[in-house]
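Peer 1: structure.pdb (PDB, C-alpha atoms, pLDDT in the B column) pasted underneath:
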ATOM      1  CA  MET A   1     -65.126  29.154  15.920  1.00 39.00           C
ATOM      2  CA  ILE A   2     -64.125  29.159  12.249  1.00 45.00           C
ATOM      3  CA  SER A   3     -61.469  31.593  11.075  1.00 53.00           C
ATOM      4  CA  LYS A   4     -61.769  31.241   7.291  1.00 69.00           C
ATOM      5  CA  PHE A   5     -64.656  31.200   4.879  1.00 76.00           C
ATOM      6  CA  THR A   6     -65.537  27.740   3.621  1.00 81.00           C
ATOM      7  CA  LEU A   7     -67.113  26.045   0.648  1.00 86.00           C
ATOM      8  CA  GLU A   8     -70.100  25.392   2.909  1.00 85.00           C
ATOM      9  CA  ASN A   9     -70.466  29.162   3.429  1.00 80.00           C
ATOM     10  CA  TYR A  10     -70.426  29.571  -0.336  1.00 82.00           C
ATOM     11  CA  PHE A  11     -73.238  27.045  -0.729  1.00 84.00           C
ATOM     12  CA  GLN A  12     -75.204  28.761   2.059  1.00 80.00           C
ATOM     13  CA  ILE A  13     -75.093  32.016   0.103  1.00 77.00           C
ATOM     14  CA  HIS A  14     -76.580  30.322  -2.941  1.00 80.00           C
ATOM     15  CA  GLU A  15     -79.089  28.182  -1.064  1.00 81.00           C
ATOM     16  CA  GLY A  16     -82.417  28.307  -2.858  1.00 82.00           C
ATOM     17  CA  LYS A  17     -80.827  30.188  -5.763  1.00 83.00           C
ATOM     18  CA  ALA A  18     -78.592  27.612  -7.440  1.00 86.00           C
ATOM     19  CA  ILE A  19     -78.043  23.873  -7.416  1.00 89.00           C
ATOM     20  CA  ASP A  20     -75.645  23.600 -10.358  1.00 93.00           C
ATOM     21  CA  PHE A  21     -72.177  25.151 -10.255  1.00 93.00           C
ATOM     22  CA  ARG A  22     -69.252  25.551 -12.640  1.00 93.00           C
ATOM     23  CA  LEU A  23     -65.866  24.631 -11.244  1.00 93.00           C
ATOM     24  CA  ARG A  24     -62.639  25.534 -13.055  1.00 94.00           C
ATOM     25  CA  VAL A  25     -59.543  23.692 -11.804  1.00 95.00           C
ATOM     26  CA  GLN A  26     -56.011  24.991 -12.289  1.00 94.00           C
ATOM     27  CA  LYS A  27     -52.647  23.407 -11.519  1.00 94.00           C
ATOM     28  CA  ASP A  28     -49.632  25.657 -11.042  1.00 92.00           C
ATOM     29  CA  GLN A  29     -45.954  24.908 -11.708  1.00 94.00           C
ATOM     30  CA  SER A  30     -45.459  23.473  -8.224  1.00 92.00           C
ATOM     31  CA  ASN A  31     -48.341  21.000  -8.775  1.00 92.00           C
ATOM     32  CA  GLN A  32     -50.604  22.984  -6.412  1.00 93.00           C
ATOM     33  CA  TYR A  33     -54.282  22.741  -7.361  1.00 94.00           C
ATOM     34  CA  SER A  34     -56.736  25.581  -7.070  1.00 94.00           C
ATOM     35  CA  PHE A  35     -60.195  26.231  -8.424  1.00 93.00           C
ATOM     36  CA  TYR A  36     -62.904  28.798  -8.638  1.00 92.00           C
ATOM     37  CA  ILE A  37     -66.593  28.102  -8.379  1.00 93.00           C
ATOM     38  CA  HIS A  38     -69.543  30.009  -9.830  1.00 91.00           C
ATOM     39  CA  PRO A  39     -73.273  29.230 -10.109  1.00 90.00           C
ATOM     40  CA  GLN A  40     -74.078  27.783 -13.512  1.00 92.00           C
ATOM     41  CA  ASP A  41     -76.306  29.856 -15.795  1.00 90.00           C
ATOM     42  CA  ILE A  42     -77.307  32.419 -13.120  1.00 86.00           C
ATOM     43  CA  ASP A  43     -75.823  35.494 -11.489  1.00 82.00           C
ATOM     44  CA  GLY A  44     -73.884  34.744  -8.346  1.00 79.00           C
ATOM     45  CA  GLU A  45     -70.598  35.064  -6.551  1.00 81.00           C
ATOM     46  CA  THR A  46     -67.312  33.559  -7.697  1.00 86.00           C
ATOM     47  CA  TRP A  47     -64.968  32.389  -4.951  1.00 87.00           C
ATOM     48  CA  ASP A  48     -61.455  31.005  -5.302  1.00 89.00           C
ATOM     49  CA  PHE A  49     -60.085  28.070  -3.328  1.00 90.00           C
ATOM     50  CA  LYS A  50     -56.669  26.461  -2.948  1.00 91.00           C
ATOM     51  CA  VAL A  51     -56.552  22.687  -2.481  1.00 92.00           C
ATOM     52  CA  ILE A  52     -54.241  21.518   0.308  1.00 89.00           C
ATOM     53  CA  GLY A  53     -54.483  17.747   0.553  1.00 88.00           C
ATOM     54  CA  ASN A  54     -58.045  17.063   1.675  1.00 86.00           C
ATOM     55  CA  PHE A  55     -58.538  20.666   2.813  1.00 87.00           C
ATOM     56  CA  LEU A  56     -59.633  23.815   1.016  1.00 86.00           C
ATOM     57  CA  GLU A  57     -58.512  27.358   1.707  1.00 85.00           C
ATOM     58  CA  CYS A  58     -60.691  30.205   0.467  1.00 84.00           C
ATOM     59  CA  THR A  59     -58.360  32.653  -1.286  1.00 84.00           C
ATOM     60  CA  THR A  60     -60.986  35.194  -2.286  1.00 80.00           C
ATOM     61  CA  SER A  61     -60.209  38.486  -0.560  1.00 72.00           C
ATOM     62  CA  THR A  62     -62.041  39.220   2.669  1.00 61.00           C
ATOM     63  CA  SER A  63     -63.719  42.323   1.291  1.00 59.00           C
ATOM     64  CA  GLU A  64     -65.023  40.454  -1.764  1.00 62.00           C
ATOM     65  CA  THR A  65     -66.275  37.625   0.433  1.00 62.00           C
ATOM     66  CA  LEU A  66     -67.973  39.997   2.871  1.00 62.00           C
ATOM     67  CA  ASN A  67     -69.594  41.890   0.010  1.00 60.00           C
ATOM     68  CA  SER A  68     -71.053  38.659  -1.314  1.00 59.00           C
ATOM     69  CA  LEU A  69     -72.260  37.633   2.139  1.00 57.00           C
ATOM     70  CA  LEU A  70     -73.972  40.993   2.652  1.00 56.00           C
ATOM     71  CA  ALA A  71     -75.692  40.879  -0.723  1.00 54.00           C
ATOM     72  CA  ASP A  72     -79.235  40.721   0.629  1.00 54.00           C
ATOM     73  CA  GLY A  73     -81.369  39.898   3.659  1.00 57.00           C
ATOM     74  CA  GLU A  74     -82.258  36.438   2.356  1.00 58.00           C
ATOM     75  CA  THR A  75     -78.575  35.529   2.247  1.00 57.00           C
ATOM     76  CA  LEU A  76     -78.135  36.600   5.876  1.00 59.00           C
ATOM     77  CA  ASP A  77     -81.066  34.413   6.897  1.00 62.00           C
ATOM     78  CA  ASN A  78     -79.274  31.369   5.434  1.00 59.00           C
ATOM     79  CA  LEU A  79     -76.044  31.919   7.374  1.00 63.00           C
ATOM     80  CA  ASP A  80     -75.356  30.268  10.699  1.00 65.00           C
ATOM     81  CA  LYS A  81     -74.038  32.199  13.700  1.00 67.00           C
ATOM     82  CA  ASN A  82     -70.438  30.986  13.208  1.00 66.00           C
ATOM     83  CA  VAL A  83     -70.372  32.621   9.788  1.00 67.00           C
ATOM     84  CA  LEU A  84     -71.828  35.819  11.222  1.00 69.00           C
ATOM     85  CA  PHE A  85     -69.177  35.798  13.976  1.00 70.00           C
ATOM     86  CA  LEU A  86     -66.523  35.266  11.307  1.00 71.00           C
ATOM     87  CA  MET A  87     -67.893  38.217   9.357  1.00 70.00           C
ATOM     88  CA  ILE A  88     -67.721  40.422  12.453  1.00 75.00           C
ATOM     89  CA  LYS A  89     -64.176  39.236  13.156  1.00 74.00           C
ATOM     90  CA  GLN A  90     -63.102  39.960   9.568  1.00 71.00           C
ATOM     91  CA  VAL A  91     -64.696  43.432   9.635  1.00 75.00           C
ATOM     92  CA  ALA A  92     -63.016  44.204  12.984  1.00 76.00           C
ATOM     93  CA  SER A  93     -59.687  43.048  11.572  1.00 75.00           C
ATOM     94  CA  LYS A  94     -60.132  45.260   8.510  1.00 75.00           C
ATOM     95  CA  ILE A  95     -61.056  48.255  10.698  1.00 78.00           C
ATOM     96  CA  ASN A  96     -57.954  47.653  12.815  1.00 76.00           C
ATOM     97  CA  GLU A  97     -55.831  47.456   9.664  1.00 77.00           C
ATOM     98  CA  LEU A  98     -57.281  50.732   8.364  1.00 77.00           C
ATOM     99  CA  GLU A  99     -56.732  52.442  11.718  1.00 77.00           C
ATOM    100  CA  THR A 100     -53.095  51.306  11.680  1.00 78.00           C
ATOM    101  CA  VAL A 101     -52.618  52.633   8.149  1.00 74.00           C
ATOM    102  CA  ASN A 102     -54.338  55.916   9.036  1.00 75.00           C
ATOM    103  CA  THR A 103     -52.154  56.313  12.142  1.00 77.00           C
ATOM    104  CA  SER A 104     -49.036  55.729  10.059  1.00 75.00           C
ATOM    105  CA  GLN A 105     -50.195  58.160   7.388  1.00 78.00           C
ATOM    106  CA  ARG A 106     -51.130  60.723  10.036  1.00 78.00           C
ATOM    107  CA  SER A 107     -47.632  60.448  11.568  1.00 80.00           C
ATOM    108  CA  GLN A 108     -46.032  60.890   8.143  1.00 81.00           C
ATOM    109  CA  LEU A 109     -48.270  63.887   7.456  1.00 81.00           C
ATOM    110  CA  PHE A 110     -47.361  65.531  10.786  1.00 82.00           C
ATOM    111  CA  GLU A 111     -43.649  64.959  10.096  1.00 85.00           C
ATOM    112  CA  ARG A 112     -44.041  66.520   6.645  1.00 85.00           C
ATOM    113  CA  VAL A 113     -45.923  69.524   8.079  1.00 85.00           C
ATOM    114  CA  GLU A 114     -43.211  70.010  10.713  1.00 87.00           C
ATOM    115  CA  ALA A 115     -40.521  69.870   8.018  1.00 86.00           C
ATOM    116  CA  LEU A 116     -42.407  72.420   5.905  1.00 86.00           C
ATOM    117  CA  GLU A 117     -42.874  74.720   8.909  1.00 87.00           C
ATOM    118  CA  ALA A 118     -39.142  74.484   9.692  1.00 87.00           C
ATOM    119  CA  PHE A 119     -38.338  75.267   6.057  1.00 87.00           C
ATOM    120  CA  GLN A 120     -40.702  78.266   6.154  1.00 87.00           C
ATOM    121  CA  ARG A 121     -39.032  79.581   9.326  1.00 86.00           C
ATOM    122  CA  GLU A 122     -35.587  79.203   7.758  1.00 88.00           C
ATOM    123  CA  TYR A 123     -36.775  80.955   4.598  1.00 86.00           C
ATOM    124  CA  GLU A 124     -38.284  83.843   6.556  1.00 86.00           C
ATOM    125  CA  THR A 125     -35.106  84.143   8.625  1.00 88.00           C
ATOM    126  CA  ALA A 126     -33.002  84.218   5.445  1.00 86.00           C
ATOM    127  CA  GLN A 127     -35.254  86.931   3.982  1.00 86.00           C
ATOM    128  CA  GLU A 128     -34.956  89.028   7.152  1.00 86.00           C
ATOM    129  CA  TYR A 129     -31.176  88.588   7.064  1.00 85.00           C
ATOM    130  CA  GLU A 130     -31.083  89.721   3.408  1.00 84.00           C
ATOM    131  CA  ARG A 131     -33.244  92.805   4.230  1.00 84.00           C
ATOM    132  CA  ASP A 132     -30.980  93.685   7.126  1.00 84.00           C
ATOM    133  CA  ARG A 133     -27.897  93.391   4.897  1.00 83.00           C
ATOM    134  CA  SER A 134     -29.358  95.693   2.246  1.00 74.00           C
TER     135      SER A 134
END
Show this structure as structure tokens.
Peer 2:
Amino acid sequence: MISKFTLENYFQIHEGKAIDFRLRVQKDQSNQYSFYIHPQDIDGETWDFKVIGNFLECTTSTSETLNSLLADGETLDNLDKNVLFLMIKQVASKINELETVNTSQRSQLFERVEALEAFQREYETAQEYERDRS
């Protein structure tokens, strides 16, 4: 089972739509090569890759990649089952990430509400004390 999107996946998306592609290569200060690829003279997706020896790592964000893969029904027909499994895995991972963030935010919200309720009780107590003193 693959765990990253590949250049082959990129070509599958554009199968029957493009045969010529533009490739822009960049070299950073640490002599690391990367490139992005885009169909030449037609609309299409742009994906970024990092070159690691003879291997490529897709560095386009998961959400951007998934959006491009879900562009239309014809694209889905061109994808093999490993890519579809990868898509499901990536979506499940993103859902899990969002649930974790939501749980954390919910905990912070509850703590803030509790602090505000405690402040309100203290304020009301102070007001009652002031009324009793007057």
Peer 1: List the spatial neighbours of range 31-37 of chain A as an MDAnalysis selection string - criterion: any atom at most 12 Å away, all atoms listed in the file, same-chain residues fewer than 3 positions off excluded.
Peer 2: chainID A and resid 7 10:11 14 20:28 40 44:60
Peer 1: Would you work out the distance separating CA of Val91 in chain A from CA of Arg106 in chain A, expressed in Å to one decimal?
Peer 2: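 So the answer is 22.0 Å.
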Peer 1: Please compute the CA of Ala18 in chain A-CA of His38 in chain A distance, one decimal, in Å.
Peer 2: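 Computing it gives 9.7 Å between the two atoms.
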Peer 1: Between A:Lys89, A:Phe5, A:Ile19, A:Leu109, which has the minimum distance to Ser61 in chain A (counting only C-alpha atoms)?
Peer 2: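 The closest residue to Ser61 in chain A is A:Phe5.
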Peer 1: By how many Å are CA of Thr6 in chain A and CA of Ala92 in chain A apart?
Peer 2: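 Result for CA of Thr6 in chain A versus CA of Ala92 in chain A: 19.1 Å, one decimal.
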Peer 1: Around all the atoms of range 58-62 of chain A listed in the file, with 8 Å of room on each side, what axis-aligned box do you get, giving centre and edge lengths in Å to one decimal, as AutoDock Vina command-line options?
Peer 2:
--center_x -60.2 --center_y 34.7 --center_z 0.2 --size_x 19.7 --size_y 25.0 --size_z 21.0
Peer 1: Can you save range 49-61 of chain A of the given block to a file, including N, CA, C and O atoms and formatted as a PDB file, in the first residue's frame?
Peer 2:
ATOM      1  N   PHE A  49       7.188  18.595  -5.973  1.00  0.00           N
ATOM      2  CA  PHE A  49       7.940  17.403  -5.584  1.00  0.00           C
ATOM      3  C   PHE A  49       9.331  17.802  -5.101  1.00  0.00           C
ATOM      4  O   PHE A  49       9.923  18.756  -5.597  1.00  0.00           O
ATOM      5  N   LYS A  50       9.842  17.037  -4.148  1.00  0.00           N
ATOM      6  CA  LYS A  50      11.217  17.188  -3.681  1.00  0.00           C
ATOM      7  C   LYS A  50      11.990  15.982  -4.205  1.00  0.00           C
ATOM      8  O   LYS A  50      11.497  14.857  -4.145  1.00  0.00           O
ATOM      9  N   VAL A  51      13.182  16.225  -4.716  1.00  0.00           N
ATOM     10  CA  VAL A  51      14.024  15.155  -5.251  1.00  0.00           C
ATOM     11  C   VAL A  51      14.967  14.689  -4.143  1.00  0.00           C
ATOM     12  O   VAL A  51      15.703  15.476  -3.565  1.00  0.00           O
ATOM     13  N   ILE A  52      14.909  13.380  -3.866  1.00  0.00           N
ATOM     14  CA  ILE A  52      15.781  12.782  -2.850  1.00  0.00           C
ATOM     15  C   ILE A  52      16.496  11.617  -3.521  1.00  0.00           C
ATOM     16  O   ILE A  52      15.961  10.518  -3.605  1.00  0.00           O
ATOM     17  N   GLY A  53      17.692  11.887  -4.021  1.00  0.00           N
ATOM     18  CA  GLY A  53      18.406  10.857  -4.785  1.00  0.00           C
ATOM     19  C   GLY A  53      17.595  10.486  -6.013  1.00  0.00           C
ATOM     20  O   GLY A  53      17.254  11.338  -6.825  1.00  0.00           O
ATOM     21  N   ASN A  54      17.270   9.200  -6.128  1.00  0.00           N
ATOM     22  CA  ASN A  54      16.448   8.731  -7.245  1.00  0.00           C
ATOM     23  C   ASN A  54      14.968   8.660  -6.882  1.00  0.00           C
ATOM     24  O   ASN A  54      14.181   8.052  -7.598  1.00  0.00           O
ATOM     25  N   PHE A  55      14.588   9.263  -5.773  1.00  0.00           N
ATOM     26  CA  PHE A  55      13.202   9.208  -5.307  1.00  0.00           C
ATOM     27  C   PHE A  55      12.593  10.603  -5.311  1.00  0.00           C
ATOM     28  O   PHE A  55      13.290  11.603  -5.213  1.00  0.00           O
ATOM     29  N   LEU A  56      11.262  10.633  -5.416  1.00  0.00           N
ATOM     30  CA  LEU A  56      10.521  11.883  -5.376  1.00  0.00           C
ATOM     31  C   LEU A  56       9.559  11.844  -4.205  1.00  0.00           C
ATOM     32  O   LEU A  56       8.956  10.814  -3.923  1.00  0.00           O
ATOM     33  N   GLU A  57       9.408  12.982  -3.549  1.00  0.00           N
ATOM     34  CA  GLU A  57       8.428  13.108  -2.478  1.00  0.00           C
ATOM     35  C   GLU A  57       7.470  14.226  -2.858  1.00  0.00           C
ATOM     36  O   GLU A  57       7.889  15.366  -3.088  1.00  0.00           O
ATOM     37  N   CYS A  58       6.184  13.903  -2.928  1.00  0.00           N
ATOM     38  CA  CYS A  58       5.178  14.908  -3.244  1.00  0.00           C
ATOM     39  C   CYS A  58       5.032  15.818  -2.024  1.00  0.00           C
ATOM     40  O   CYS A  58       4.735  15.359  -0.925  1.00  0.00           O
ATOM     41  N   THR A  59       5.255  17.119  -2.216  1.00  0.00           N
ATOM     42  CA  THR A  59       5.169  18.059  -1.107  1.00  0.00           C
ATOM     43  C   THR A  59       3.928  18.939  -1.191  1.00  0.00           C
ATOM     44  O   THR A  59       3.743  19.815  -0.358  1.00  0.00           O
ATOM     45  N   THR A  60       3.085  18.690  -2.174  1.00  0.00           N
ATOM     46  CA  THR A  60       1.818  19.410  -2.247  1.00  0.00           C
ATOM     47  C   THR A  60       0.960  18.960  -1.082  1.00  0.00           C
ATOM     48  O   THR A  60       0.938  17.780  -0.738  1.00  0.00           O
ATOM     49  N   SER A  61       0.261  19.891  -0.445  1.00  0.00           N
ATOM     50  CA  SER A  61      -0.517  19.546   0.745  1.00  0.00           C
ATOM     51  C   SER A  61      -1.568  18.488   0.413  1.00  0.00           C
ATOM     52  O   SER A  61      -2.075  18.413  -0.713  1.00  0.00           O
TER      53      SER A  61
END
